[in-house]
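Colleague: Pasting a structure below so you can have a look.
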Amino acid sequence: MKLWITRLFALSLAIGLLASAATLAQDAPKPADPEKKTEAKDIATSTVDFEFEGLMFVQTKVNGKGPYKFLFDSGATQSVLNERLAKELGLELHDMPGGVQGVGTADAKLVVLDSMEIGGFKRGECIAASMNLDHMSGTLGYHMMGIIGQNVIKRMQKVEIDFSAGKLAMTRYPAGEEPSDMQEDMLIRMLKGGGGMPGMPGMPGRRQPPPDEKKPDKKDDEFSLEPVLPNAAWLLQDERRTESKPDRRSPTEGMTLTYRTGELEFFGRKMELVPYWYLDCVINGKTKSFMFDTGASMLLALGTKLAEDVKIPTSFTYPVKGIGKGDAKSGLVDSFQVGVIKEVDAPCTIMELPKITDQLGQMGAMIPGVDKLNFDGIVGITLATRFKKMIVDAKNRHIEFIPYGKDEVNKLEPSHSEEFVRDAVIRTWQGKAGTFSLTGDSVQLENWKAKGLESGGLEIESVVEGGAAHKAGLKKGDIITHLVGAADDLPEDMEDADVDGKDVKVRDMPALIMWACSKDPGTEVSVRIKRGDEVKDLKLKLDDYGFKGSVPDRFKK
């Protein structure tokens with residue numbers, strides 16, 4: 001099935017960073033002894049299915065319970081448990097100074113896990129952050145129960161992702177060659193023993209008692225849905241083109257990229273502070289450091305400093321979710337290159353990205369060269385979905401991308417969604433973008449039943465006085481559930497649309513913003529709303545987005 005636009009655009013920086021004062025130096029992976037021969041049978045490989053919904057989700061067991069649905073996220077330093085799962089498992093919570101950072105900052109606690117299992121791959125005793133992830137449940141249509149981060153992924157010597165088959169293969173290191181977990185082991189001992197250091201989790205007197213071990217009446221929730229495209233399937237290509245586009249079909253040749261991790265040298269010895277996969281990418285002719293993140297659903301996310309440095313003009317603004325909530329701007333980079341991938345006018349997200357130096361605080365300021373660990377931007381999983389397979393070789397620090405064959409079809413090919421965003425950016429610059437003149441957020445999953453919703457919706461938080469929504473009679477607290485008749489605009493081969501007859505379901509603000517940007521101001525739209533027990537259809541005419549800012553000369557009217 002075609003994914004015309006990324007399933008989780010609102011989750012565009014799902015869990016960009018998860019670091020705290022507890023993130024200290026870790027040993028780099030031990031190099032293999034060239035004289036030592038390891039039989040193939042000593043290296044265990046486990047293969048599991050994954051669900052691709054714009055990001056990768058795998059079934060994961062925690063402490064032998066489950067499985068639960070977890071995001072596979074190479075951009076998270078630490079694994080995460082939804083706090084509802086930590087409660088269900090009766091885990092002891094420990095303070096986490098500074099919280100976690102990603103899209104904004106959020107409070108979190110630390111928990112010690114006996115194990116995490118993905119298929120036959122098992123990570124023993126380890127640390128995870130426990131936090132509320134339910135602000136994303138209304139968009140997803142289910143509760144994401146956790147995130148597999150780098151403290152688990154770094155134990156995989158090889159990771160092979162087959163996008164064509166939906167298979168994830170994980171090969172563990174041979175015994176005795178695993179990366180060191182000295183810092184995490186030390187932290188586990190402190191947390192379990194109740195000891196600690198000033199300003200560190202596990203400080204005496206700061207532990208919290210285990211939560212109530214009484215299990216909920218229902219397992220997870222009764223509204224969990226099968227994976228669908230509830231919020232973005234209707235972001236379709238408008239037939240009106242602003243100008244001709246380059247052909248962005250999947251590449252016909254593969255590539256192998258060398259990555260580096262966040263290593264610094266201490267007294268002649270390399271120490272790994274953060275296990276991210278850093279790549280050099282060329283943006284508008286300038287080489288910059290990017291973190292490759294399987295937990296980011298767009299192709300490019302640029303930090304505001306980088307966007308200013310390479311002079312990226314911004315377009316429409318939209319909210320994003322991840323660790324917390326934030327705002328981002330859309331834009332286009334003149335050129336982007338990494339390996340064989342060469343894009344022009346590539347869409348990007350522009351927002352404040354967390355810095356490693358900020359997360360390390362005063363301790364980090366004392367480490368020579370720590371500023372080198374900051375990255376300028378993020379390159380997301382759609383880089384990989386241009387290819388059939390992605391193979392990460394942690395031992396040699398290589399990421400290999402294998403292309404589809406001549407007669408093979410890439411069903412996840414992301415160019416359709418990128419073209420749509422690109423069109424919306426240009427239309428906004430050219431004064432051809434509409435807007436509903438309202439703000440809103442997804443109704444959280446646990447509130448669907450109380451609000452009488454079968455498939456969620458977008459609850460209005462504010463309407464602009466005198467704007468399109470206000471004139472149509474929409475009010476704060478109304479829940480938009482459908483775009484009435486919008487399914488008639490869907491291309492015949494758009495198989496992923498989440499529709500009710502001729503109506504398209506709505507439960508995500510970024511999707512609504514971009515869909516309006518794809519329509520001319522004055523376009524008449526009919527929306528279905530729920531107001532208390534009343535359901536009604538209201539018609540409105542889109543306002544002019546009214547963009548004010550610089551526009552590249554070639555895109556001016």
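Residues in the structure tokens are named by chain (A, B, ... in the order shown) and by number from 1 within that chain; ligands are numbered from 1 in the order shown.
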Tell me which protein, DNA and RNA residues are within 12 Å of range 255-259 of chain A, counting only C-alpha atoms, leaving out same-chain ones fewer than 3 positions away, and put them as an mmCIF file with all heavy atoms, in the first residue's frame.
Modeller:
```cif
data_model
loop_
_atom_site.group_PDB
_atom_site.id
_atom_site.type_symbol
_atom_site.label_atom_id
_atom_site.label_comp_id
_atom_site.auth_asym_id
_atom_site.auth_seq_id
_atom_site.Cartn_x
_atom_site.Cartn_y
_atom_site.Cartn_z
ATOM 1 N N PRO A 251 16.076 5.231 -5.500
ATOM 2 C CA PRO A 251 17.380 5.140 -6.171
ATOM 3 C C PRO A 251 17.621 3.740 -6.727
ATOM 4 O O PRO A 251 17.144 2.745 -6.175
ATOM 5 C CB PRO A 251 18.377 5.480 -5.056
ATOM 6 C CG PRO A 251 17.645 5.226 -3.790
ATOM 7 C CD PRO A 251 16.207 5.528 -4.071
ATOM 8 N N THR A 252 18.351 3.670 -7.802
ATOM 9 C CA THR A 252 18.649 2.381 -8.437
ATOM 10 C C THR A 252 19.990 1.817 -8.004
ATOM 11 O O THR A 252 20.314 0.678 -8.323
ATOM 12 C CB THR A 252 18.651 2.530 -9.971
ATOM 13 O OG1 THR A 252 19.607 3.535 -10.338
ATOM 14 C CG2 THR A 252 17.268 2.936 -10.465
ATOM 15 N N GLY A 262 29.109 9.492 19.491
ATOM 16 C CA GLY A 262 29.559 10.619 20.313
ATOM 17 C C GLY A 262 30.718 10.249 21.211
ATOM 18 O O GLY A 262 30.551 10.067 22.423
ATOM 19 N N GLU A 263 31.899 10.144 20.621
ATOM 20 C CA GLU A 263 33.089 9.762 21.373
ATOM 21 C C GLU A 263 33.984 10.969 21.637
ATOM 22 O O GLU A 263 34.104 11.868 20.811
ATOM 23 C CB GLU A 263 33.904 8.722 20.599
ATOM 24 C CG GLU A 263 33.269 7.350 20.526
ATOM 25 C CD GLU A 263 34.161 6.356 19.813
ATOM 26 O OE1 GLU A 263 35.108 6.782 19.124
ATOM 27 O OE2 GLU A 263 33.909 5.156 19.938
ATOM 28 N N PRO A 275 25.503 7.373 22.148
ATOM 29 C CA PRO A 275 25.649 6.355 21.094
ATOM 30 C C PRO A 275 24.929 6.687 19.798
ATOM 31 O O PRO A 275 24.585 5.788 19.044
ATOM 32 C CB PRO A 275 25.026 5.121 21.759
ATOM 33 C CG PRO A 275 23.950 5.679 22.625
ATOM 34 C CD PRO A 275 24.441 7.019 23.103
ATOM 35 N N TYR A 276 24.662 7.971 19.531
ATOM 36 C CA TYR A 276 23.957 8.327 18.300
ATOM 37 C C TYR A 276 24.771 7.955 17.074
ATOM 38 O O TYR A 276 25.998 7.829 17.124
ATOM 39 C CB TYR A 276 23.666 9.830 18.252
ATOM 40 C CG TYR A 276 22.781 10.331 19.365
ATOM 41 C CD1 TYR A 276 23.084 11.506 20.028
ATOM 42 C CD2 TYR A 276 21.649 9.634 19.741
ATOM 43 C CE1 TYR A 276 22.268 11.974 21.051
ATOM 44 C CE2 TYR A 276 20.835 10.091 20.756
ATOM 45 C CZ TYR A 276 21.154 11.260 21.409
ATOM 46 O OH TYR A 276 20.349 11.720 22.413
ATOM 47 N N TRP A 277 24.058 7.847 15.937
ATOM 48 C CA TRP A 277 24.709 7.593 14.653
ATOM 49 C C TRP A 277 24.841 8.935 13.922
ATOM 50 O O TRP A 277 23.868 9.471 13.403
ATOM 51 C CB TRP A 277 23.877 6.620 13.824
ATOM 52 C CG TRP A 277 23.637 5.294 14.495
ATOM 53 C CD1 TRP A 277 24.391 4.711 15.465
ATOM 54 C CD2 TRP A 277 22.557 4.387 14.242
ATOM 55 N NE1 TRP A 277 23.861 3.502 15.839
ATOM 56 C CE2 TRP A 277 22.725 3.278 15.099
ATOM 57 C CE3 TRP A 277 21.468 4.412 13.382
ATOM 58 C CZ2 TRP A 277 21.848 2.193 15.117
ATOM 59 C CZ3 TRP A 277 20.580 3.325 13.390
ATOM 60 C CH2 TRP A 277 20.774 2.238 14.246
ATOM 61 N N TYR A 278 26.046 9.488 13.902
ATOM 62 C CA TYR A 278 26.298 10.787 13.268
ATOM 63 C C TYR A 278 26.730 10.590 11.814
ATOM 64 O O TYR A 278 27.624 9.780 11.524
ATOM 65 C CB TYR A 278 27.409 11.541 14.001
ATOM 66 C CG TYR A 278 27.044 12.044 15.376
ATOM 67 C CD1 TYR A 278 27.252 11.262 16.506
ATOM 68 C CD2 TYR A 278 26.513 13.318 15.558
ATOM 69 C CE1 TYR A 278 26.947 11.720 17.770
ATOM 70 C CE2 TYR A 278 26.202 13.796 16.821
ATOM 71 C CZ TYR A 278 26.415 12.992 17.926
ATOM 72 O OH TYR A 278 26.105 13.456 19.190
ATOM 73 N N LEU A 279 26.109 11.364 10.907
ATOM 74 C CA LEU A 279 26.463 11.345 9.485
ATOM 75 C C LEU A 279 26.805 12.756 9.032
ATOM 76 O O LEU A 279 26.258 13.735 9.543
ATOM 77 C CB LEU A 279 25.276 10.848 8.644
ATOM 78 C CG LEU A 279 24.751 9.432 8.882
ATOM 79 C CD1 LEU A 279 23.490 9.211 8.056
ATOM 80 C CD2 LEU A 279 25.807 8.392 8.536
ATOM 81 N N ASP A 280 27.681 12.854 8.053
ATOM 82 C CA ASP A 280 27.950 14.145 7.415
ATOM 83 C C ASP A 280 27.033 14.283 6.207
ATOM 84 O O ASP A 280 27.039 13.435 5.310
ATOM 85 C CB ASP A 280 29.413 14.241 6.962
ATOM 86 C CG ASP A 280 30.365 14.476 8.125
ATOM 87 O OD1 ASP A 280 29.923 15.054 9.131
ATOM 88 O OD2 ASP A 280 31.538 14.069 8.029
ATOM 89 N N CYS A 281 26.233 15.327 6.205
ATOM 90 C CA CYS A 281 25.325 15.608 5.094
ATOM 91 C C CYS A 281 25.636 17.001 4.555
ATOM 92 O O CYS A 281 26.099 17.864 5.288
ATOM 93 C CB CYS A 281 23.867 15.552 5.549
ATOM 94 S SG CYS A 281 23.354 13.953 6.230
ATOM 95 N N SER A 289 26.814 18.222 10.452
ATOM 96 C CA SER A 289 26.688 16.980 11.212
ATOM 97 C C SER A 289 25.214 16.703 11.512
ATOM 98 O O SER A 289 24.524 17.528 12.118
ATOM 99 C CB SER A 289 27.468 17.091 12.529
ATOM 100 O OG SER A 289 27.310 15.914 13.300
ATOM 101 N N PHE A 290 24.749 15.522 11.074
ATOM 102 C CA PHE A 290 23.360 15.117 11.290
ATOM 103 C C PHE A 290 23.310 13.833 12.104
ATOM 104 O O PHE A 290 24.191 12.978 11.987
ATOM 105 C CB PHE A 290 22.645 14.891 9.956
ATOM 106 C CG PHE A 290 22.095 16.144 9.329
ATOM 107 C CD1 PHE A 290 22.938 17.155 8.903
ATOM 108 C CD2 PHE A 290 20.730 16.311 9.171
ATOM 109 C CE1 PHE A 290 22.445 18.309 8.335
ATOM 110 C CE2 PHE A 290 20.213 17.462 8.597
ATOM 111 C CZ PHE A 290 21.069 18.476 8.172
ATOM 112 N N MET A 291 22.288 13.718 12.919
ATOM 113 C CA MET A 291 22.047 12.475 13.630
ATOM 114 C C MET A 291 21.006 11.671 12.852
ATOM 115 O O MET A 291 19.942 12.183 12.540
ATOM 116 C CB MET A 291 21.540 12.761 15.049
ATOM 117 C CG MET A 291 21.403 11.490 15.895
ATOM 118 S SD MET A 291 19.689 11.010 16.122
ATOM 119 C CE MET A 291 19.153 12.209 17.327
ATOM 120 N N PHE A 292 21.347 10.420 12.501
ATOM 121 C CA PHE A 292 20.392 9.562 11.787
ATOM 122 C C PHE A 292 19.465 8.925 12.814
ATOM 123 O O PHE A 292 19.916 8.239 13.728
ATOM 124 C CB PHE A 292 21.117 8.490 10.981
ATOM 125 C CG PHE A 292 20.169 7.606 10.219
ATOM 126 C CD1 PHE A 292 19.502 8.092 9.110
ATOM 127 C CD2 PHE A 292 19.933 6.308 10.621
ATOM 128 C CE1 PHE A 292 18.605 7.286 8.414
ATOM 129 C CE2 PHE A 292 19.048 5.496 9.933
ATOM 130 C CZ PHE A 292 18.381 5.991 8.826
ATOM 131 N N VAL A 338 23.578 13.151 0.597
ATOM 132 C CA VAL A 338 24.283 12.201 1.444
ATOM 133 C C VAL A 338 24.403 10.919 0.621
ATOM 134 O O VAL A 338 23.415 10.368 0.145
ATOM 135 C CB VAL A 338 23.549 11.950 2.780
ATOM 136 C CG1 VAL A 338 22.139 11.448 2.572
ATOM 137 C CG2 VAL A 338 24.344 10.994 3.658
ATOM 138 N N GLY A 339 25.623 10.466 0.394
ATOM 139 C CA GLY A 339 25.836 9.295 -0.444
ATOM 140 C C GLY A 339 25.300 9.525 -1.839
ATOM 141 O O GLY A 339 25.544 10.556 -2.460
ATOM 142 N N VAL A 340 24.510 8.568 -2.351
ATOM 143 C CA VAL A 340 23.955 8.690 -3.700
ATOM 144 C C VAL A 340 22.670 9.523 -3.725
ATOM 145 O O VAL A 340 22.130 9.804 -4.789
ATOM 146 C CB VAL A 340 23.672 7.300 -4.310
ATOM 147 C CG1 VAL A 340 24.945 6.468 -4.383
ATOM 148 C CG2 VAL A 340 22.575 6.568 -3.538
ATOM 149 N N ILE A 341 22.182 9.899 -2.556
ATOM 150 C CA ILE A 341 20.943 10.673 -2.485
ATOM 151 C C ILE A 341 21.245 12.144 -2.725
ATOM 152 O O ILE A 341 22.010 12.775 -1.982
ATOM 153 C CB ILE A 341 20.251 10.502 -1.118
ATOM 154 C CG1 ILE A 341 19.880 9.030 -0.890
ATOM 155 C CG2 ILE A 341 19.010 11.381 -1.025
ATOM 156 C CD1 ILE A 341 18.909 8.472 -1.901
ATOM 157 N N LEU A 383 14.874 8.580 4.723
ATOM 158 C CA LEU A 383 16.101 8.342 3.959
ATOM 159 C C LEU A 383 16.217 6.849 3.671
ATOM 160 O O LEU A 383 16.536 6.430 2.549
ATOM 161 C CB LEU A 383 17.329 8.821 4.736
ATOM 162 C CG LEU A 383 18.684 8.486 4.095
ATOM 163 C CD1 LEU A 383 18.917 9.326 2.845
ATOM 164 C CD2 LEU A 383 19.832 8.666 5.084
ATOM 165 N N ALA A 384 15.933 6.032 4.692
ATOM 166 C CA ALA A 384 16.061 4.577 4.558
ATOM 167 C C ALA A 384 14.949 3.970 3.720
ATOM 168 O O ALA A 384 15.180 3.011 2.978
ATOM 169 C CB ALA A 384 16.089 3.926 5.939
ATOM 170 N N ARG A 386 13.653 4.914 1.142
ATOM 171 C CA ARG A 386 13.915 5.006 -0.291
ATOM 172 C C ARG A 386 14.520 3.700 -0.807
ATOM 173 O O ARG A 386 14.552 3.458 -2.008
ATOM 174 C CB ARG A 386 14.877 6.164 -0.586
ATOM 175 C CG ARG A 386 14.229 7.543 -0.484
ATOM 176 C CD ARG A 386 15.280 8.623 -0.343
ATOM 177 N NE ARG A 386 14.786 9.931 -0.720
ATOM 178 C CZ ARG A 386 13.962 10.671 0.001
ATOM 179 N NH1 ARG A 386 13.529 10.223 1.175
ATOM 180 N NH2 ARG A 386 13.544 11.855 -0.422
ATOM 181 N N PHE A 387 15.003 2.870 0.110
ATOM 182 C CA PHE A 387 15.702 1.634 -0.241
ATOM 183 C C PHE A 387 14.928 0.418 0.253
ATOM 184 O O PHE A 387 14.009 0.517 1.062
ATOM 185 C CB PHE A 387 17.104 1.636 0.377
ATOM 186 C CG PHE A 387 17.999 2.729 -0.128
ATOM 187 C CD1 PHE A 387 17.986 3.978 0.484
ATOM 188 C CD2 PHE A 387 18.841 2.515 -1.210
ATOM 189 C CE1 PHE A 387 18.812 5.002 0.025
ATOM 190 C CE2 PHE A 387 19.665 3.530 -1.672
ATOM 191 C CZ PHE A 387 19.648 4.777 -1.056
ATOM 192 N N LYS A 388 15.336 -0.744 -0.243
ATOM 193 C CA LYS A 388 14.702 -1.997 0.153
ATOM 194 C C LYS A 388 15.148 -2.426 1.544
ATOM 195 O O LYS A 388 14.335 -2.866 2.368
ATOM 196 C CB LYS A 388 15.051 -3.092 -0.866
ATOM 197 C CG LYS A 388 14.421 -4.453 -0.563
ATOM 198 C CD LYS A 388 14.766 -5.447 -1.661
ATOM 199 C CE LYS A 388 14.120 -6.806 -1.384
ATOM 200 N NZ LYS A 388 14.406 -7.783 -2.467
ATOM 201 N N LYS A 389 16.443 -2.305 1.794
ATOM 202 C CA LYS A 389 16.991 -2.735 3.078
ATOM 203 C C LYS A 389 17.981 -1.710 3.615
ATOM 204 O O LYS A 389 18.625 -0.993 2.851
ATOM 205 C CB LYS A 389 17.723 -4.087 2.947
ATOM 206 C CG LYS A 389 16.846 -5.278 2.665
ATOM 207 C CD LYS A 389 17.678 -6.551 2.636
ATOM 208 C CE LYS A 389 16.822 -7.784 2.335
ATOM 209 N NZ LYS A 389 17.639 -9.025 2.324
ATOM 210 N N MET A 390 18.100 -1.717 4.923
ATOM 211 C CA MET A 390 19.094 -0.908 5.620
ATOM 212 C C MET A 390 19.805 -1.828 6.606
ATOM 213 O O MET A 390 19.168 -2.535 7.389
ATOM 214 C CB MET A 390 18.405 0.242 6.358
ATOM 215 C CG MET A 390 19.250 0.929 7.396
ATOM 216 S SD MET A 390 18.280 2.196 8.268
ATOM 217 C CE MET A 390 19.212 2.299 9.807
ATOM 218 N N ILE A 391 21.127 -1.864 6.537
ATOM 219 C CA ILE A 391 21.904 -2.755 7.406
ATOM 220 C C ILE A 391 22.916 -1.918 8.182
ATOM 221 O O ILE A 391 23.776 -1.246 7.604
ATOM 222 C CB ILE A 391 22.647 -3.833 6.596
ATOM 223 C CG1 ILE A 391 21.651 -4.649 5.767
ATOM 224 C CG2 ILE A 391 23.454 -4.731 7.520
ATOM 225 C CD1 ILE A 391 22.303 -5.616 4.802
ATOM 226 N N VAL A 392 22.793 -1.945 9.508
ATOM 227 C CA VAL A 392 23.712 -1.205 10.382
ATOM 228 C C VAL A 392 24.743 -2.181 10.931
ATOM 229 O O VAL A 392 24.398 -3.139 11.626
ATOM 230 C CB VAL A 392 22.965 -0.520 11.535
ATOM 231 C CG1 VAL A 392 23.942 0.272 12.412
ATOM 232 C CG2 VAL A 392 21.871 0.394 11.001
ATOM 233 N N ASP A 393 26.002 -1.942 10.619
ATOM 234 C CA ASP A 393 27.117 -2.746 11.099
ATOM 235 C C ASP A 393 27.816 -1.954 12.200
ATOM 236 O O ASP A 393 28.634 -1.072 11.928
ATOM 237 C CB ASP A 393 28.074 -3.039 9.945
ATOM 238 C CG ASP A 393 29.294 -3.850 10.363
ATOM 239 O OD1 ASP A 393 29.504 -4.056 11.575
ATOM 240 O OD2 ASP A 393 30.066 -4.260 9.469
ATOM 241 N N ALA A 394 27.457 -2.226 13.462
ATOM 242 C CA ALA A 394 27.996 -1.443 14.582
ATOM 243 C C ALA A 394 29.476 -1.692 14.800
ATOM 244 O O ALA A 394 30.191 -0.808 15.277
ATOM 245 C CB ALA A 394 27.214 -1.768 15.848
ATOM 246 N N LYS A 395 29.944 -2.864 14.430
ATOM 247 C CA LYS A 395 31.355 -3.191 14.631
ATOM 248 C C LYS A 395 32.244 -2.316 13.764
ATOM 249 O O LYS A 395 33.283 -1.813 14.198
ATOM 250 C CB LYS A 395 31.592 -4.671 14.306
ATOM 251 C CG LYS A 395 33.017 -5.132 14.531
ATOM 252 C CD LYS A 395 33.138 -6.628 14.257
ATOM 253 C CE LYS A 395 34.563 -7.118 14.456
ATOM 254 N NZ LYS A 395 34.680 -8.566 14.188
ATOM 255 N N ASN A 396 31.834 -2.091 12.509
ATOM 256 C CA ASN A 396 32.636 -1.301 11.574
ATOM 257 C C ASN A 396 32.084 0.105 11.349
ATOM 258 O O ASN A 396 32.616 0.859 10.551
ATOM 259 C CB ASN A 396 32.717 -2.027 10.230
ATOM 260 C CG ASN A 396 33.433 -3.361 10.337
ATOM 261 O OD1 ASN A 396 34.597 -3.413 10.727
ATOM 262 N ND2 ASN A 396 32.742 -4.449 10.015
ATOM 263 N N ARG A 397 30.992 0.435 12.059
ATOM 264 C CA ARG A 397 30.364 1.752 11.961
ATOM 265 C C ARG A 397 29.935 2.071 10.519
ATOM 266 O O ARG A 397 30.241 3.141 9.993
ATOM 267 C CB ARG A 397 31.302 2.845 12.500
ATOM 268 C CG ARG A 397 31.786 2.598 13.928
ATOM 269 C CD ARG A 397 30.702 2.917 14.930
ATOM 270 N NE ARG A 397 31.071 2.549 16.291
ATOM 271 C CZ ARG A 397 31.802 3.317 17.121
ATOM 272 N NH1 ARG A 397 32.225 4.489 16.703
ATOM 273 N NH2 ARG A 397 32.066 2.922 18.340
ATOM 274 N N HIS A 398 29.248 1.144 9.891
ATOM 275 C CA HIS A 398 28.751 1.335 8.530
ATOM 276 C C HIS A 398 27.234 1.184 8.507
ATOM 277 O O HIS A 398 26.669 0.376 9.258
ATOM 278 C CB HIS A 398 29.338 0.290 7.572
ATOM 279 C CG HIS A 398 30.788 0.482 7.290
ATOM 280 N ND1 HIS A 398 31.599 -0.540 6.799
ATOM 281 C CD2 HIS A 398 31.596 1.555 7.418
ATOM 282 C CE1 HIS A 398 32.832 -0.086 6.642
ATOM 283 N NE2 HIS A 398 32.843 1.181 7.019
ATOM 284 N N ILE A 399 26.576 1.947 7.648
ATOM 285 C CA ILE A 399 25.154 1.742 7.358
ATOM 286 C C ILE A 399 25.044 1.514 5.851
ATOM 287 O O ILE A 399 25.378 2.389 5.058
ATOM 288 C CB ILE A 399 24.286 2.941 7.760
ATOM 289 C CG1 ILE A 399 24.492 3.301 9.230
ATOM 290 C CG2 ILE A 399 22.802 2.621 7.508
ATOM 291 C CD1 ILE A 399 23.690 4.510 9.685
ATOM 292 N N GLU A 400 24.618 0.321 5.483
ATOM 293 C CA GLU A 400 24.487 -0.034 4.072
ATOM 294 C C GLU A 400 23.017 0.061 3.657
ATOM 295 O O GLU A 400 22.125 -0.400 4.371
ATOM 296 C CB GLU A 400 25.003 -1.447 3.831
ATOM 297 C CG GLU A 400 24.949 -1.873 2.366
ATOM 298 C CD GLU A 400 25.435 -3.296 2.146
ATOM 299 O OE1 GLU A 400 25.718 -3.991 3.141
ATOM 300 O OE2 GLU A 400 25.514 -3.713 0.968
ATOM 301 N N PHE A 401 22.777 0.664 2.498
ATOM 302 C CA PHE A 401 21.435 0.787 1.956
ATOM 303 C C PHE A 401 21.383 0.012 0.644
ATOM 304 O O PHE A 401 22.152 0.285 -0.278
ATOM 305 C CB PHE A 401 21.072 2.253 1.727
ATOM 306 C CG PHE A 401 21.043 3.076 2.992
ATOM 307 C CD1 PHE A 401 22.191 3.723 3.444
ATOM 308 C CD2 PHE A 401 19.877 3.201 3.721
ATOM 309 C CE1 PHE A 401 22.170 4.480 4.612
ATOM 310 C CE2 PHE A 401 19.839 3.963 4.888
ATOM 311 C CZ PHE A 401 20.995 4.601 5.331
ATOM 312 N N ILE A 402 20.466 -0.947 0.566
ATOM 313 C CA ILE A 402 20.356 -1.820 -0.600
ATOM 314 C C ILE A 402 19.122 -1.433 -1.407
ATOM 315 O O ILE A 402 18.011 -1.392 -0.860
ATOM 316 C CB ILE A 402 20.267 -3.291 -0.162
ATOM 317 C CG1 ILE A 402 21.540 -3.676 0.616
ATOM 318 C CG2 ILE A 402 20.071 -4.202 -1.364
ATOM 319 C CD1 ILE A 402 21.495 -5.068 1.213
ATOM 320 N N PRO A 403 19.272 -1.135 -2.706
ATOM 321 C CA PRO A 403 18.136 -0.660 -3.503
ATOM 322 C C PRO A 403 17.211 -1.794 -3.936
ATOM 323 O O PRO A 403 17.558 -2.980 -3.866
ATOM 324 C CB PRO A 403 18.819 -0.035 -4.720
ATOM 325 C CG PRO A 403 20.068 -0.850 -4.887
ATOM 326 C CD PRO A 403 20.526 -1.180 -3.481
#
```
Colleague: Give me the residues near Val48 in chain A as a list in words, where near means some atom within 6 Å (using only C-alpha atoms) and where sequence neighbours in that chain fewer than 3 positions away do not count.
Modeller: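 These residues fall inside the cut-off: Gly119, Lys167 and Leu168 of chain A.
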Colleague: Include all heavy atoms and write out the residues we just selected as a CSV table (one decimal), in the first residue's frame.
Modeller:
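Saved result, again.csv, follows:
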```
chain,number,residue,atom,x,y,z
A,119,GLY,N,11.5,-10.3,20.2
A,119,GLY,CA,11.7,-11.7,19.6
A,119,GLY,C,12.7,-12.5,20.4
A,119,GLY,O,12.5,-12.6,21.6
A,167,LYS,N,10.6,-6.9,8.1
A,167,LYS,CA,11.3,-7.8,9.0
A,167,LYS,C,12.5,-7.0,9.6
A,167,LYS,O,13.2,-6.3,8.9
A,167,LYS,CB,11.9,-9.0,8.2
A,167,LYS,CG,10.8,-9.9,7.6
A,167,LYS,CD,10.1,-10.7,8.6
A,167,LYS,CE,9.1,-11.7,8.0
A,167,LYS,NZ,8.3,-12.5,9.0
A,168,LEU,N,12.7,-7.2,10.9
A,168,LEU,CA,13.8,-6.7,11.6
A,168,LEU,C,14.7,-7.8,12.1
A,168,LEU,O,14.2,-8.6,12.9
A,168,LEU,CB,13.3,-5.8,12.8
A,168,LEU,CG,14.4,-5.3,13.8
A,168,LEU,CD1,15.4,-4.4,13.1
A,168,LEU,CD2,13.7,-4.7,15.0
```
Colleague: Let me make sure I understand: among A:Thr481, A:Ser250, A:Gln150, A:Gln157, which one has the smallest atom-to-atom distance to Thr77 in chain A if we use only C-alpha atoms?
Modeller: A:Gln150
Colleague: Find the distance between CA of Val443 in chain A and CA of Val463 in chain A and write it in Å to one decimal.
Modeller: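 Computing the Euclidean distance for CA of Val443 in chain A and CA of Val463 in chain A yields 17.0 Å.
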Colleague: What parts of range 406-544 of chain A does DSSP call strand (DSSP E or B)? I'd like the answer as a count of residues only.
Modeller: 41
Colleague: Would you mind writing down, as a ChimeraX atom specification, each residue of range 329-522 of chain A that DSSP on the backbone assigns to alpha helix (DSSP H)?
Modeller: /A:356-365,415-429,468-472,509-517
Colleague: Might you pull out every residue within 8 Å of range 521-537 of chain A, with only C-alpha atoms counted and same-chain residues fewer than 2 positions away left off, and present them as a PyMOL selection string?
Modeller: chain A and resi 432-435+451-452+477-485+519+539-545
Colleague: Give me the residues within 9 Å of Asn63 in chain A as a list in words, counting only C-alpha atoms and dropping any in the same chain fewer than 2 places off.
Modeller: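 The contact residues come out as Lys61, Lys65, Gly66, Leu89, Leu113, Asp114, Ser115, Met116 and Glu117 of chain A.
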Colleague: Nearest to Ala44 in chain A among A:Thr317, A:Thr349, A:Ser442, A:Thr171, with distances taken over only C-alpha atoms: which residue is it?
Modeller: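 Comparing A:Thr317, A:Thr349, A:Ser442, A:Thr171 against Ala44 in chain A, the winner is A:Thr171.
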Colleague: Do a neighbour search on Leu300 in chain A at 9 Å with only C-alpha atoms, toss out local chain neighbours closer than 6 positions, and write the hits as a compact mmCIF listing (two decimals) with C-alpha atoms, in the first residue's frame.
Modeller:
```
# COMPACT_ATOMS: atom_id res chain seq x y z
CA ALA A 346 13.68 19.06 -0.34
CA PRO A 347 11.06 19.79 2.35
CA CYS A 348 12.30 20.14 5.89
CA THR A 349 11.16 20.86 9.43
CA ILE A 350 12.84 23.74 11.26
CA GLY A 377 20.10 18.50 12.25
CA ILE A 378 18.36 15.15 12.05
CA VAL A 379 17.92 12.91 9.03
CA GLY A 380 14.95 10.61 9.50
CA THR A 382 12.48 8.29 5.08
CA LEU A 383 16.10 8.34 3.96
```
Colleague: Could you tell me how far CA of Trp429 in chain A lies from CA of Lys556 in chain A, in Å and to one decimal?
Modeller: 7.3 Å
Colleague: Report as a PyMOL selection string all protein, DNA and RNA residues lying within 7 Å of Ala486 in chain A, evaluated on only C-alpha atoms, omitting residues in the same chain fewer than 3 positions from it.
Modeller: chain A and resi 483+489+502-504
